[in-house]
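Worksheet: one structure, shown below.
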Amino acid sequence: MRILLIANTIFEIGIGCVFLLFPSLVLKDSALSISLLRIIGCGALALGTLSLLMLNVTDKKALKPGLIALSIFHTLAAASQIYSFSSGTANITIIIIHSLFAAFFVCISWQQVR
């Protein structure tokens, strides 16, 4: 689980920094789209911070809310990207990354609940 949290921390903080500080690398035109991408970057930084903070928690019961939150986020992100992919507006790499994180976090959350 520790490696998964480290990977999620690096991924989310990296994406968050790019979206927040350099949104024009991802989107070129619309000021509204860039503004929304910066907000998404803030959310990614928050989720990366959650993962980072979870690394210091040793009580399995205390980890459960964070694991559930990360499971929900990655599952919904993967689903929304799959929906966008069907209309030709999403990247398959992002779908795979969110799907893998979702599967791992759901499995770990399920083990923690039992």
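Every chain in the structure tokens has a letter given in the order shown (A, B, ...), and although residue numbers restart at 1 in each chain, ligands are simply numbered from 1 in the order shown.
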Practice problem: Quick one: everything within 10 Å of Ile68 in chain A, counting only C-alpha atoms, minus sequence neighbours fewer than 5 positions away in the same chain. Send it as a PyMOL selection string. | Solution: chain A and resi 63+73+105-106+108-110+112-113
Report as a Markdown table the residues of range 38-71 of chain A within 12 Å of range 76-89 of chain A, each with its shortest atom pair and distance in Å (one decimal), using only C-alpha atoms, ordered by chain and increasing residue number.
| residue | atom | partner | partner_atom | distance |
| --- | --- | --- | --- | --- |
| A:Ile40 | CA | A:Ala77 | CA | 11.6 |
| A:Ala44 | CA | A:Ala77 | CA | 11.5 |
| A:Ala69 | CA | A:Leu76 | CA | 10.7 |
| A:Leu70 | CA | A:Leu76 | CA | 9.9 |
| A:Ser71 | CA | A:Leu76 | CA | 8.5 |
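When the distance limit is 8 Å and only C-alpha atoms are what count, the residues near Glu12 in chain A, minus those fewer than 2 positions from it on the same chain, are Asn8, Thr9, Ile10, Gly14, Ile15, Gly16, Ala44, Leu45, Leu47 and Gly48 of chain A.
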Given the selection you just returned, output its residues as a file containing N, CA and C atoms, formatted as a PDB file, in the first residue's frame.
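After the write, selection-v6.pdb holds the following:
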ATOM      1  N   ASN A   8       0.700   7.537  -6.120  1.00  0.00           N
ATOM      2  CA  ASN A   8      -0.426   8.461  -6.239  1.00  0.00           C
ATOM      3  C   ASN A   8      -0.016   9.879  -5.860  1.00  0.00           C
ATOM      4  N   THR A   9       0.799  10.010  -4.827  1.00  0.00           N
ATOM      5  CA  THR A   9       1.287  11.332  -4.410  1.00  0.00           C
ATOM      6  C   THR A   9       2.068  11.996  -5.542  1.00  0.00           C
ATOM      7  N   ILE A  10       2.991  11.257  -6.121  1.00  0.00           N
ATOM      8  CA  ILE A  10       3.809  11.813  -7.213  1.00  0.00           C
ATOM      9  C   ILE A  10       2.935  12.179  -8.404  1.00  0.00           C
ATOM     10  N   GLY A  14       2.291  16.050  -9.290  1.00  0.00           N
ATOM     11  CA  GLY A  14       2.853  16.419 -10.595  1.00  0.00           C
ATOM     12  C   GLY A  14       1.805  16.996 -11.532  1.00  0.00           C
ATOM     13  N   ILE A  15       0.683  16.299 -11.669  1.00  0.00           N
ATOM     14  CA  ILE A  15      -0.407  16.782 -12.525  1.00  0.00           C
ATOM     15  C   ILE A  15      -0.965  18.092 -11.976  1.00  0.00           C
ATOM     16  N   GLY A  16      -1.117  18.158 -10.673  1.00  0.00           N
ATOM     17  CA  GLY A  16      -1.645  19.380 -10.058  1.00  0.00           C
ATOM     18  C   GLY A  16      -0.775  20.591 -10.337  1.00  0.00           C
ATOM     19  N   ALA A  44      -6.171  18.176  -7.643  1.00  0.00           N
ATOM     20  CA  ALA A  44      -5.118  17.162  -7.759  1.00  0.00           C
ATOM     21  C   ALA A  44      -4.057  17.364  -6.675  1.00  0.00           C
ATOM     22  N   LEU A  45      -3.701  18.607  -6.414  1.00  0.00           N
ATOM     23  CA  LEU A  45      -2.734  18.880  -5.337  1.00  0.00           C
ATOM     24  C   LEU A  45      -3.291  18.450  -3.983  1.00  0.00           C
ATOM     25  N   LEU A  47      -5.498  16.013  -3.442  1.00  0.00           N
ATOM     26  CA  LEU A  47      -5.476  14.553  -3.375  1.00  0.00           C
ATOM     27  C   LEU A  47      -4.053  14.022  -3.218  1.00  0.00           C
ATOM     28  N   GLY A  48      -3.103  14.673  -3.841  1.00  0.00           N
ATOM     29  CA  GLY A  48      -1.704  14.295  -3.653  1.00  0.00           C
ATOM     30  C   GLY A  48      -1.259  14.523  -2.219  1.00  0.00           C
TER      31      GLY A  48
END
Quiz item: Pick the closest to Gly66 in chain A from A:Ser51, A:Asn91, A:Gln111, A:Ser30: which is it, counting only C-alpha atoms?
Solution: A:Ser51
Self-check item: range 23-61 of chain A: residues DSSP assigns to helix (DSSP H, G or I), reported as number ranges by chain
Solution: A: 23-25, 31-54, 60-61
Self-check item: Residue neighbourhood range 23-26 of chain A, 9 Å, only C-alpha atoms, exclusion window fewer than 2 positions, as a list of chain:residue names
Solution: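 The residues satisfying every condition are A:Val18, A:Phe19, A:Leu20, A:Leu21, A:Lys28, A:Asp29, A:Ser33, A:Ile34, A:Ser35, A:Leu37, A:Arg38, A:Gly41.
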Quiz item: Smallest atom-to-atom distance to Leu67 in chain A: which of A:Ala102, A:Ile96, A:Cys42, A:Ala7, using only C-alpha atoms?
Solution: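 Going through A:Ala102, A:Ile96, A:Cys42, A:Ala7 one by one, the smallest distance to Leu67 in chain A is for A:Ala102.
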